[in-house]
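Have a look at target.cif below; it lists mmCIF, C-alpha atoms and all ligand atoms.
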data_target
loop_
_atom_site.label_atom_id
_atom_site.label_comp_id
_atom_site.auth_asym_id
_atom_site.auth_seq_id
_atom_site.Cartn_x
_atom_site.Cartn_y
_atom_site.Cartn_z
CA MET A 7 -6.37 12.56 15.33
CA ASN A 8 -2.99 11.26 14.14
CA ILE A 9 -2.39 11.85 10.43
CA LEU A 10 0.05 10.24 8.01
CA VAL A 11 1.18 11.98 4.81
CA ILE A 12 3.02 9.73 2.36
CA GLY A 13 5.74 11.22 0.14
CA SER A 14 8.82 13.43 0.36
CA GLY A 15 8.52 16.43 -1.96
CA GLY A 16 7.33 20.01 -1.98
CA ARG A 17 3.79 18.75 -2.51
CA GLU A 18 3.94 16.77 0.73
CA HIS A 19 5.51 19.69 2.61
CA ALA A 20 2.54 21.81 1.45
CA PHE A 21 0.10 19.06 2.56
CA ALA A 22 1.82 18.90 5.95
CA TYR A 23 1.76 22.70 6.29
CA LYS A 24 -2.01 22.87 5.67
CA ILE A 25 -2.86 19.80 7.76
CA LYS A 26 -0.79 21.10 10.69
CA GLN A 27 -2.98 24.25 10.79
CA SER A 28 -6.06 22.15 11.54
CA PRO A 29 -7.35 21.68 15.10
CA LEU A 30 -8.16 18.10 14.01
CA CYS A 31 -4.45 17.25 13.76
CA GLU A 32 -2.79 15.79 16.82
CA LYS A 33 0.36 13.92 15.76
CA LEU A 34 1.52 14.44 12.17
CA PHE A 35 3.77 11.90 10.45
CA ILE A 36 5.39 12.21 7.02
CA MET A 37 6.76 9.09 5.32
CA PRO A 38 9.62 9.50 4.45
CA GLY A 39 9.42 13.33 4.37
CA ASN A 40 12.28 15.84 4.00
CA ALA A 41 14.02 18.47 6.13
CA GLY A 42 11.04 20.82 5.74
CA THR A 43 8.39 18.34 6.85
CA ALA A 44 10.55 17.48 9.87
CA GLU A 45 9.79 20.97 11.22
CA LEU A 46 6.04 20.24 11.17
CA GLY A 47 5.80 16.63 12.27
CA MET A 48 7.78 13.44 12.60
CA ASN A 49 9.49 12.00 9.53
CA VAL A 50 9.14 8.23 9.30
CA PRO A 51 12.05 6.55 7.50
CA LEU A 52 9.96 3.83 5.85
CA GLU A 53 9.53 3.00 2.17
CA PRO A 54 5.96 3.88 1.02
CA ASN A 55 5.93 0.96 -1.44
CA ASP A 56 6.42 -1.51 1.42
CA PHE A 57 2.67 -1.71 2.13
CA THR A 58 2.98 -4.23 4.96
CA MET A 59 5.27 -1.86 6.88
CA VAL A 60 3.05 1.16 6.13
CA GLY A 61 -0.01 -0.73 7.40
CA LYS A 62 1.79 -1.86 10.55
CA PHE A 63 2.96 1.71 11.19
CA CYS A 64 -0.62 2.99 10.89
CA LEU A 65 -1.97 0.49 13.41
CA ASP A 66 0.96 0.95 15.84
CA ASN A 67 0.53 4.74 15.78
CA GLU A 68 -3.28 4.93 15.77
CA ILE A 69 -3.38 6.79 12.47
CA GLY A 70 -6.84 8.26 11.80
CA LEU A 71 -6.22 9.59 8.27
CA VAL A 72 -3.81 8.68 5.46
CA VAL A 73 -3.07 11.11 2.61
CA VAL A 74 -0.97 9.77 -0.26
CA GLY A 75 1.10 12.27 -2.30
CA PRO A 76 2.88 10.42 -5.14
CA GLU A 77 1.40 8.17 -7.83
CA GLU A 78 3.70 5.17 -7.49
CA PRO A 79 2.23 3.57 -4.33
CA LEU A 80 -1.28 4.26 -5.65
CA VAL A 81 -0.62 2.63 -9.01
CA LYS A 82 1.00 -0.29 -7.16
CA GLY A 83 -2.12 -0.73 -5.01
CA ILE A 84 -1.49 0.72 -1.54
CA LYS A 85 -5.24 1.38 -1.18
CA ASN A 86 -6.04 -2.22 -2.10
CA HIS A 87 -3.67 -3.36 0.65
CA PHE A 88 -5.61 -1.26 3.18
CA ASP A 89 -9.00 -2.41 1.81
CA ALA A 90 -8.01 -6.06 2.21
CA ASP A 91 -7.43 -5.75 5.98
CA ASP A 92 -10.31 -5.51 8.46
CA LYS A 93 -8.56 -2.94 10.66
CA LEU A 94 -6.75 -0.92 7.98
CA LYS A 95 -9.86 -0.48 5.87
CA GLN A 96 -11.45 1.54 8.72
CA ILE A 97 -8.87 4.31 8.30
CA PRO A 98 -10.07 7.19 6.09
CA PHE A 99 -7.74 7.14 3.09
CA VAL A 100 -7.10 9.79 0.43
CA GLY A 101 -5.89 8.16 -2.79
CA PRO A 102 -7.59 5.86 -5.28
CA ASP A 103 -7.17 2.10 -5.52
CA LYS A 104 -5.17 0.39 -8.24
CA THR A 105 -8.01 0.51 -10.76
CA GLY A 106 -8.74 4.22 -10.21
CA ALA A 107 -5.01 4.98 -10.36
CA GLN A 108 -4.97 3.50 -13.87
CA LEU A 109 -6.20 6.92 -14.99
CA GLU A 110 -2.53 7.84 -14.59
CA GLY A 111 -0.88 4.41 -14.60
CA SER A 112 -2.02 3.47 -18.10
CA LYS A 113 -2.36 5.97 -20.95
CA ASP A 114 -4.29 3.35 -22.93
CA PHE A 115 -6.77 2.91 -20.05
CA SER A 116 -7.28 6.67 -19.72
CA LYS A 117 -7.70 7.21 -23.48
CA ALA A 118 -10.24 4.38 -23.70
CA PHE A 119 -12.06 5.84 -20.67
CA MET A 120 -12.23 9.27 -22.32
CA ALA A 121 -13.43 7.79 -25.60
CA LYS A 122 -16.15 5.80 -23.82
CA TYR A 123 -17.45 8.82 -21.89
CA HIS A 124 -17.05 11.33 -24.76
CA ILE A 125 -14.49 13.43 -22.93
CA PRO A 126 -12.62 15.72 -25.37
CA THR A 127 -9.03 14.57 -25.95
CA ALA A 128 -6.59 14.10 -28.85
CA ALA A 129 -7.50 11.35 -31.37
CA TYR A 130 -5.32 8.26 -30.81
CA GLN A 131 -4.54 4.60 -31.42
CA THR A 132 -2.64 2.12 -29.27
CA PHE A 133 0.05 -0.26 -30.54
CA THR A 134 2.02 -3.20 -29.12
CA ALA A 135 4.45 -5.81 -30.52
CA GLU A 136 1.45 -7.60 -32.00
CA ASN A 137 0.41 -4.79 -34.32
CA ILE A 138 3.61 -2.79 -34.68
CA GLN A 139 3.54 -3.00 -38.51
CA GLU A 140 0.12 -1.38 -38.46
CA GLY A 141 1.54 1.16 -35.99
CA LEU A 142 4.41 2.07 -38.31
CA LYS A 143 1.94 2.66 -41.14
CA TYR A 144 -0.30 4.72 -38.85
CA VAL A 145 2.64 6.87 -37.78
CA GLN A 146 3.82 7.36 -41.40
CA ALA A 147 0.42 8.67 -42.42
CA HIS A 148 -0.03 10.85 -39.31
CA SER A 149 0.02 14.66 -39.37
CA LEU A 150 3.09 16.27 -37.77
CA PRO A 151 4.11 16.67 -35.08
CA VAL A 152 2.90 13.31 -33.79
CA VAL A 153 2.87 12.40 -30.09
CA LEU A 154 4.07 9.00 -28.79
CA LYS A 155 3.31 8.02 -25.20
CA ALA A 156 4.59 5.04 -23.24
CA ASP A 157 1.52 3.40 -21.72
CA GLY A 158 2.89 3.00 -18.20
CA LEU A 159 4.61 5.25 -15.65
CA ALA A 160 7.94 6.52 -16.97
CA ALA A 161 8.96 9.12 -14.37
CA GLY A 162 7.61 11.94 -16.54
CA LYS A 163 9.83 10.99 -19.49
CA GLY A 164 7.50 8.75 -21.49
CA VAL A 165 6.05 11.38 -23.86
CA LEU A 166 7.80 12.07 -27.16
CA ILE A 167 6.74 14.82 -29.56
CA CYS A 168 8.13 13.80 -32.95
CA GLU A 169 8.64 16.37 -35.71
CA SER A 170 9.27 13.89 -38.55
CA HIS A 171 7.91 10.53 -39.70
CA VAL A 172 11.40 9.03 -39.64
CA GLU A 173 11.87 10.02 -35.99
CA ALA A 174 8.39 8.81 -35.02
CA SER A 175 8.89 5.39 -36.66
CA ALA A 176 12.29 4.96 -35.02
CA GLU A 177 10.92 5.91 -31.60
CA LEU A 178 7.94 3.59 -31.93
CA GLU A 179 10.30 0.71 -32.70
CA ALA A 180 12.67 1.70 -29.90
CA MET A 181 9.81 1.66 -27.40
CA ILE A 182 8.07 -1.51 -28.52
CA ASN A 183 10.97 -3.64 -29.80
CA ASN A 184 14.02 -2.33 -27.93
CA GLY A 185 12.65 -1.69 -24.47
CA LYS A 186 13.03 2.11 -24.38
CA PHE A 187 11.15 2.99 -21.11
CA GLY A 188 11.21 -0.73 -20.16
CA SER A 189 7.87 -2.47 -19.78
CA SER A 190 6.11 0.93 -19.59
CA GLY A 191 6.82 1.39 -23.31
CA SER A 192 5.80 -2.05 -24.57
CA LYS A 193 2.41 -0.51 -25.30
CA VAL A 194 2.38 2.90 -26.99
CA VAL A 195 -0.38 5.46 -27.45
CA VAL A 196 0.08 7.44 -30.69
CA GLU A 197 -1.89 10.66 -30.69
CA GLU A 198 -2.61 13.92 -32.38
CA PHE A 199 -0.63 17.00 -31.32
CA LEU A 200 -2.79 19.65 -29.66
CA LYS A 201 -1.72 23.25 -30.06
CA GLY A 202 -2.69 25.62 -27.28
CA ILE A 203 -1.91 26.73 -23.72
CA GLU A 204 -1.78 24.16 -20.92
CA LEU A 205 -3.26 24.39 -17.47
CA SER A 206 -3.71 22.04 -14.52
CA VAL A 207 -7.15 21.51 -13.02
CA PHE A 208 -7.57 19.73 -9.68
CA VAL A 209 -10.64 17.88 -8.48
CA LEU A 210 -11.16 16.36 -5.07
CA THR A 211 -13.75 13.57 -5.04
CA ASP A 212 -15.17 10.95 -2.71
CA GLY A 213 -16.61 9.07 -5.66
CA GLN A 214 -20.04 10.68 -5.35
CA SER A 215 -19.59 14.42 -5.12
CA TYR A 216 -16.59 16.53 -6.02
CA LYS A 217 -15.00 19.88 -5.29
CA LEU A 218 -13.08 21.92 -7.79
CA LEU A 219 -9.83 23.13 -6.25
CA PRO A 220 -8.00 26.23 -7.56
CA GLU A 221 -6.48 25.68 -10.99
CA ALA A 222 -2.81 26.35 -11.73
CA LYS A 223 -0.35 26.77 -14.54
CA ASP A 224 2.88 24.81 -14.33
CA TYR A 225 6.11 25.90 -16.04
CA LYS A 226 7.66 22.62 -17.15
CA ARG A 227 10.67 23.65 -19.20
CA ILE A 228 14.06 24.29 -17.61
CA GLY A 229 14.81 27.47 -19.58
CA GLU A 230 13.31 30.95 -19.53
CA GLY A 231 10.69 31.59 -22.18
CA ASP A 232 9.66 27.90 -21.99
CA THR A 233 12.77 26.54 -23.69
CA GLY A 234 14.97 23.50 -23.12
CA LEU A 235 14.30 20.18 -21.47
CA ASN A 236 11.13 19.19 -19.64
CA THR A 237 11.40 19.07 -15.85
CA GLY A 238 9.04 18.04 -13.05
CA GLY A 239 8.01 21.70 -12.94
CA MET A 240 9.97 24.93 -12.35
CA GLY A 241 7.17 27.02 -10.91
CA ALA A 242 3.45 27.61 -10.92
CA ILE A 243 0.84 30.31 -10.66
CA SER A 244 -2.73 30.21 -9.42
CA PRO A 245 -5.31 31.40 -10.46
CA VAL A 246 -4.72 31.15 -14.23
CA PRO A 247 -5.87 34.35 -15.96
CA PHE A 248 -7.41 32.65 -19.02
CA ALA A 249 -9.33 30.10 -16.92
CA ASP A 250 -12.30 32.43 -16.65
CA ALA A 251 -15.85 31.44 -15.67
CA SER A 252 -16.89 30.55 -19.21
CA PHE A 253 -13.83 28.35 -19.83
CA MET A 254 -14.14 26.64 -16.44
CA GLN A 255 -17.80 25.97 -17.07
CA LYS A 256 -16.84 24.07 -20.24
CA VAL A 257 -14.25 22.17 -18.20
CA GLU A 258 -16.84 21.18 -15.60
CA GLU A 259 -19.59 20.21 -18.02
CA ARG A 260 -17.50 18.46 -20.67
CA ILE A 261 -14.70 16.99 -18.59
CA ILE A 262 -15.15 16.90 -14.82
CA LYS A 263 -18.77 15.72 -14.60
CA PRO A 264 -18.35 13.02 -17.29
CA THR A 265 -15.15 11.88 -15.52
CA ILE A 266 -16.86 11.49 -12.13
CA ASN A 267 -19.91 9.86 -13.72
CA GLY A 268 -17.68 7.58 -15.81
CA LEU A 269 -15.83 6.39 -12.70
CA LYS A 270 -19.18 5.65 -11.05
CA ALA A 271 -20.46 3.82 -14.13
CA GLU A 272 -17.28 1.70 -14.20
CA GLY A 273 -17.82 0.79 -10.53
CA ILE A 274 -14.54 2.46 -9.54
CA SER A 275 -14.84 3.92 -6.04
CA TYR A 276 -12.45 6.85 -6.11
CA ASN A 277 -11.54 8.81 -2.99
CA GLY A 278 -8.80 11.25 -3.82
CA PHE A 279 -7.43 13.87 -6.17
CA ILE A 280 -7.84 13.91 -9.92
CA PHE A 281 -5.33 16.21 -11.60
CA ILE A 282 -6.43 16.92 -15.13
CA GLY A 283 -3.76 18.25 -17.49
CA LEU A 284 -5.68 20.33 -20.04
CA MET A 285 -4.91 22.08 -23.28
CA ASN A 286 -6.86 25.23 -24.06
CA VAL A 287 -7.19 25.00 -27.85
CA ALA A 288 -8.86 28.20 -29.08
CA GLU A 289 -10.96 28.43 -25.88
CA GLU A 290 -11.98 24.74 -26.02
CA PRO A 291 -10.61 22.41 -23.31
CA TYR A 292 -9.03 19.03 -24.22
CA VAL A 293 -7.58 16.51 -21.78
CA ILE A 294 -3.86 15.87 -22.26
CA GLU A 295 -3.64 13.47 -19.33
CA TYR A 296 -5.11 12.46 -16.00
CA ASN A 297 -3.05 12.03 -12.85
CA CYS A 298 -4.30 10.29 -9.72
CA ARG A 299 -2.65 12.79 -7.36
CA MET A 300 -1.88 16.49 -6.97
CA GLY A 301 0.78 18.17 -9.11
CA ASP A 302 4.16 19.34 -7.88
CA PRO A 303 4.87 22.33 -7.87
CA GLU A 304 1.19 23.17 -8.48
CA THR A 305 0.26 22.05 -4.94
CA GLU A 306 2.63 24.64 -3.50
CA ALA A 307 0.63 27.36 -5.32
CA VAL A 308 -2.85 25.85 -4.93
CA LEU A 309 -2.93 24.82 -1.25
CA PRO A 310 -1.98 28.23 0.20
CA ARG A 311 -5.11 29.59 -1.55
CA ILE A 312 -7.38 27.13 0.26
CA THR A 313 -8.58 28.87 3.41
CA SER A 314 -10.87 26.16 4.76
CA ASP A 315 -9.66 23.37 7.05
CA PHE A 316 -7.62 21.10 4.76
CA ALA A 317 -7.49 18.16 7.21
CA GLU A 318 -11.29 18.29 7.39
CA LEU A 319 -11.47 18.23 3.58
CA MET A 320 -9.16 15.21 3.49
CA LEU A 321 -11.12 13.43 6.20
CA ALA A 322 -14.44 14.09 4.43
CA THR A 323 -12.92 12.74 1.20
CA GLY A 324 -11.87 9.52 2.91
CA ASP A 325 -15.19 9.24 4.76
CA CYS A 326 -17.36 9.79 1.65
CA ARG A 327 -19.02 12.94 3.01
CA LEU A 328 -17.36 15.59 0.88
CA ASN A 329 -20.74 17.20 0.15
CA GLN A 330 -21.02 18.11 3.84
CA VAL A 331 -17.90 20.28 4.04
CA GLU A 332 -17.21 23.69 2.62
CA LEU A 333 -14.31 24.63 0.39
CA GLN A 334 -13.21 28.23 0.71
CA ILE A 335 -10.71 29.72 -1.67
CA SER A 336 -8.81 32.98 -1.28
CA ALA A 337 -9.02 35.47 -4.15
CA GLN A 338 -5.30 36.15 -3.75
CA HIS A 339 -2.78 35.24 -6.44
CA ALA A 340 -0.07 32.68 -5.70
CA ALA A 341 3.27 32.48 -7.48
CA THR A 342 5.67 29.60 -6.83
CA ILE A 343 9.30 29.56 -7.94
CA MET A 344 11.29 26.33 -7.72
CA LEU A 345 14.99 26.51 -6.85
CA VAL A 346 16.87 23.63 -8.47
CA SER A 347 20.37 22.17 -8.56
CA LYS A 348 22.80 23.02 -11.35
CA GLY A 349 22.48 20.39 -14.09
CA TYR A 350 18.85 19.48 -13.36
CA PRO A 351 16.92 17.82 -15.08
CA GLY A 352 20.11 16.05 -16.16
CA GLU A 353 22.83 15.04 -13.72
CA TYR A 354 23.39 17.17 -10.64
CA GLU A 355 25.37 17.07 -7.41
CA LYS A 356 23.81 16.68 -3.98
CA GLY A 357 24.97 17.67 -0.51
CA LYS A 358 25.41 21.44 -1.03
CA VAL A 359 24.83 23.55 2.09
CA ILE A 360 21.65 25.66 1.95
CA SER A 361 21.45 28.96 3.82
CA GLY A 362 18.81 31.64 4.18
CA SER A 363 15.74 29.42 3.90
CA ASP A 364 14.67 29.90 7.52
CA THR A 365 14.84 33.69 7.54
CA VAL A 366 12.46 34.27 4.61
CA VAL A 367 9.72 36.80 5.28
CA ASN A 368 6.59 37.44 3.19
CA SER A 369 6.83 34.08 1.37
CA LEU A 370 6.22 30.45 2.20
CA VAL A 371 9.11 28.03 1.85
CA PHE A 372 8.34 24.44 0.87
CA HIS A 373 11.21 21.98 0.87
CA SER A 374 11.48 19.51 -1.97
CA GLY A 375 14.85 17.70 -2.07
CA THR A 376 16.47 18.62 1.24
CA LYS A 377 17.92 16.81 4.26
CA ARG A 378 19.94 17.56 7.37
CA ASN A 379 23.31 16.01 8.14
CA GLU A 380 24.46 14.93 11.60
CA GLN A 381 25.55 18.49 12.38
CA GLN A 382 21.98 19.60 11.50
CA GLN A 383 23.18 21.54 8.47
CA LEU A 384 20.56 21.84 5.73
CA LEU A 385 21.75 20.18 2.49
CA THR A 386 20.50 19.77 -1.06
CA ASN A 387 19.28 16.23 -1.69
CA GLY A 388 17.81 16.19 -5.19
CA GLY A 389 17.20 18.12 -8.39
CA ARG A 390 14.36 20.29 -7.17
CA ILE A 391 15.36 21.78 -3.81
CA ILE A 392 12.97 24.44 -2.47
CA ALA A 393 9.74 26.03 -3.70
CA VAL A 394 9.13 29.67 -2.72
CA THR A 395 5.45 30.69 -2.78
CA SER A 396 4.07 34.17 -2.30
CA LEU A 397 0.49 35.37 -2.06
CA ALA A 398 -0.57 38.86 -3.07
CA ASP A 399 -3.53 40.80 -4.37
CA ASN A 400 -2.14 40.66 -7.89
CA LEU A 401 0.06 38.26 -9.80
CA ALA A 402 2.88 40.73 -10.48
CA THR A 403 3.39 41.40 -6.75
CA ALA A 404 3.25 37.69 -5.91
CA ILE A 405 5.92 36.96 -8.53
CA GLU A 406 8.10 39.84 -7.33
CA LEU A 407 7.98 38.65 -3.71
CA SER A 408 8.90 35.09 -4.72
CA LYS A 409 11.77 36.36 -6.85
CA GLN A 410 13.12 38.52 -4.00
CA ASN A 411 13.08 35.56 -1.65
CA ALA A 412 14.48 33.16 -4.25
CA GLU A 413 17.53 35.47 -4.20
CA THR A 414 17.96 35.27 -0.42
CA ILE A 415 18.14 31.45 -0.30
CA LEU A 416 21.64 30.36 -1.20
CA PHE A 417 23.36 27.14 -2.23
CA GLU A 418 26.13 26.33 -4.69
CA GLY A 419 24.77 25.88 -8.22
CA LYS A 420 21.31 27.29 -7.45
CA TYR A 421 19.18 27.97 -10.54
CA TYR A 422 15.63 29.19 -10.92
CA ARG A 423 13.46 30.63 -13.64
CA SER A 424 12.91 34.33 -13.09
CA ASP A 425 10.10 34.44 -15.68
CA ILE A 426 7.38 32.40 -13.94
CA GLY A 427 4.03 33.94 -14.94
CA TYR A 428 5.76 36.09 -17.59
CA GLU A 429 3.06 35.83 -20.24
CA PHE A 430 0.44 37.33 -17.93
CA VAL A 431 2.39 40.29 -16.56
CA LYS A 432 3.13 43.44 -18.51
CA ASN A 433 6.64 44.80 -18.09
P1 LIG A 501 2.47 14.02 -19.94
O1 LIG A 501 3.61 13.17 -19.46
O2 LIG A 501 1.30 13.30 -20.44
O3 LIG A 501 2.21 15.14 -18.94
O4 LIG A 501 3.01 14.85 -21.18
C1 LIG A 501 4.12 15.69 -21.04
C2 LIG A 501 3.88 16.94 -21.83
O5 LIG A 501 3.84 16.63 -23.22
C3 LIG A 501 2.55 17.62 -21.56
O6 LIG A 501 2.58 18.40 -20.42
C4 LIG A 501 2.39 18.43 -22.82
O7 LIG A 501 3.18 19.59 -22.75
C5 LIG A 501 2.97 17.53 -23.86
N1 LIG A 501 1.90 16.76 -24.54
C6 LIG A 501 1.42 15.57 -24.20
N2 LIG A 501 0.45 15.17 -25.05
C7 LIG A 501 0.33 16.17 -25.96
C8 LIG A 501 -0.51 16.36 -27.10
N3 LIG A 501 -1.39 15.44 -27.49
N4 LIG A 501 -0.36 17.51 -27.78
C9 LIG A 501 0.54 18.44 -27.40
N5 LIG A 501 1.35 18.32 -26.35
C10 LIG A 501 1.25 17.19 -25.63
N1 LIG A 502 3.88 19.38 -12.29
C1 LIG A 502 3.40 18.29 -13.02
C2 LIG A 502 3.20 17.06 -12.27
O1 LIG A 502 3.18 17.03 -11.05
O2 LIG A 502 3.02 16.03 -12.90
#

In structure tokens, how does this file's structure come out?
Ligand code: AMP
Ligand code: GLY
Amino acid sequence: MNILVIGSGGREHAFAYKIKQSPLCEKLFIMPGNAGTAELGMNVPLEPNDFTMVGKFCLDNEIGLVVVGPEEPLVKGIKNHFDADDKLKQIPFVGPDKTGAQLEGSKDFSKAFMAKYHIPTAAYQTFTAENIQEGLKYVQAHSLPVVLKADGLAAGKGVLICESHVEASAELEAMINNGKFGSSGSKVVVEEFLKGIELSVFVLTDGQSYKLLPEAKDYKRIGEGDTGLNTGGMGAISPVPFADASFMQKVEERIIKPTINGLKAEGISYNGFIFIGLMNVAEEPYVIEYNCRMGDPETEAVLPRITSDFAELMLATGDCRLNQVELQISAQHAATIMLVSKGYPGEYEKGKVISGSDTVVNSLVFHSGTKRNEQQQLLTNGGRIIAVTSLADNLATAIELSKQNAETILFEGKYYRSDIGYEFVKN
């Protein structure tokens, strides 16, 4: 079967890597892909948000399975475009429609969903221009810190944790009245701050049954010891030591099952990933956010631990027969370290020559922001450049292998966090 993966990051390189291992995969296409995915299949230089072109490409190339990586086309309704066409709707598709994607696309939608289905999350209220005065009063009386969230997609920047009432009031006004975060911030969720340790839980569902994928911990801050600015993610580990059987049972009973049942009750047919960002507050799980996709760099740590046929899992998800396939997970530990450009997550330069990435042994190399020039040199092409993942029988060895290989890949201005997984490994 011919398979199309949509997206261009490390997550999509990891998808392509797993799908390529499957005997089900004939031709593999990645749209638009990066220099890493080009080694596994054919990169297609089309814009994923141009649904007409994506649909035409699928028909012209006899695509038998579509897997969508990033949230943007999902929130914009790529699945609805396929559903509306007699031929396109026959193609098994991994990714929810516009309504299902609202779990990520609208914080207000997801908070209301959680409230309705009694899923544990931070207490909240939503404000717009119509009730901003009430919002300012609410914020003034709120405990500190107080969390402000732009309702819509804001490229990971729409969450503000305010330490004072003055700051919170000013930010609420900036979002609602002055267009901070554009239209995404015209509606704002104000919520309670949850204190605990975060983890990422991943569920694959066909709308009826679900499978729990390996969980992961993402390291979001740029600096060692979890300091400095938030990034897309600087590394990940899987499994997460504190996500033991008793904690995960609470997650399944209180969060995953009510989420799947809630989607059914709302009449939302959901075929795809649900990434649940959780806070472990004194051993009790609370939902911080839902995403309608896999995480990046979590995917680069999670997928290498899946030993069953990933293309078959994707196909069964799209075909609504997930209960008929088996999910096998390796007991090994995965540690992923992200190599980034100097300056990231602020401004950074592109076009630096990368060397050493193709001679790595004992680790997997997933490209994120890379491309090749006309001379076929490998160049940096973004903030996050390459994710190095290692598998080992224990976390400390996995981290050590990834660190060793992070050293052998070279480009001007390379930076990485050498403390991924630090809180779980004794020195
Ligand atoms: P999000 O964009 O929803 O992933 O939020 C970004 C980050 O803000 C999360 O990963 C958390 O670290 C933090 N965050 C969001 N909501 C809360 C909350 N209610 N309490 C504490 N931290 C939060
Ligand atoms: N690593 C977090 C995310 O993908 O949103």

Item to check | Who sits within 6 Å of Ala156 (chain A), only C-alpha atoms, same chain under 3 positions skipped, as a PyMOL selection string | outcome: chain A and resi 164+190-191+194

Checklist entry - Could you state the separation of CA of Phe21 (chain A) and CA of Ser396 (chain A) in Å, given to one decimal place? => result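 Between CA of Phe21 (chain A) and CA of Ser396 (chain A) the gap is 16.4 Å.
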
Item to check | Counting all atoms listed in the file, the residue of A:Asn8, A:Ser116, A:Gln255, A:Gln330 that sits nearest Tyr296 (chain A) | outcome: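 Ranked by minimum distance to Tyr296 (chain A), first place goes to A:Ser116.
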
Next on the checklist: Taking all atoms listed in the file into account, list the residues no farther than 6 Å from ligand LIG 501 (chain A), as a count of residues only.
Outcome noted: 11

Checklist entry - Given the choices A:Thr105, A:Ser374, A:Asn55, A:Thr211, which gets closest to Asn387 (chain A) if the distance is worked out from all atoms listed in the file? => result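 Of A:Thr105, A:Ser374, A:Asn55, A:Thr211, the one nearest Asn387 (chain A), counting all atoms listed in the file, is A:Ser374.
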
Checklist entry - Which residue gives the smallest distance to Gly202 (chain A) among A:Ile392, A:Val287, A:Val73, A:Ala404, with all atoms listed in the file counted? => result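 For Gly202 (chain A), the nearest of the given residues is A:Val287.
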
Item to check | Protein and nucleic residues near ligand LIG 502 (chain A), 10 Å, all atoms listed in the file, as a PyMOL selection string | outcome: chain A and resi 17+76-77+161-162+206+222-226+237-242+281-283+295-305
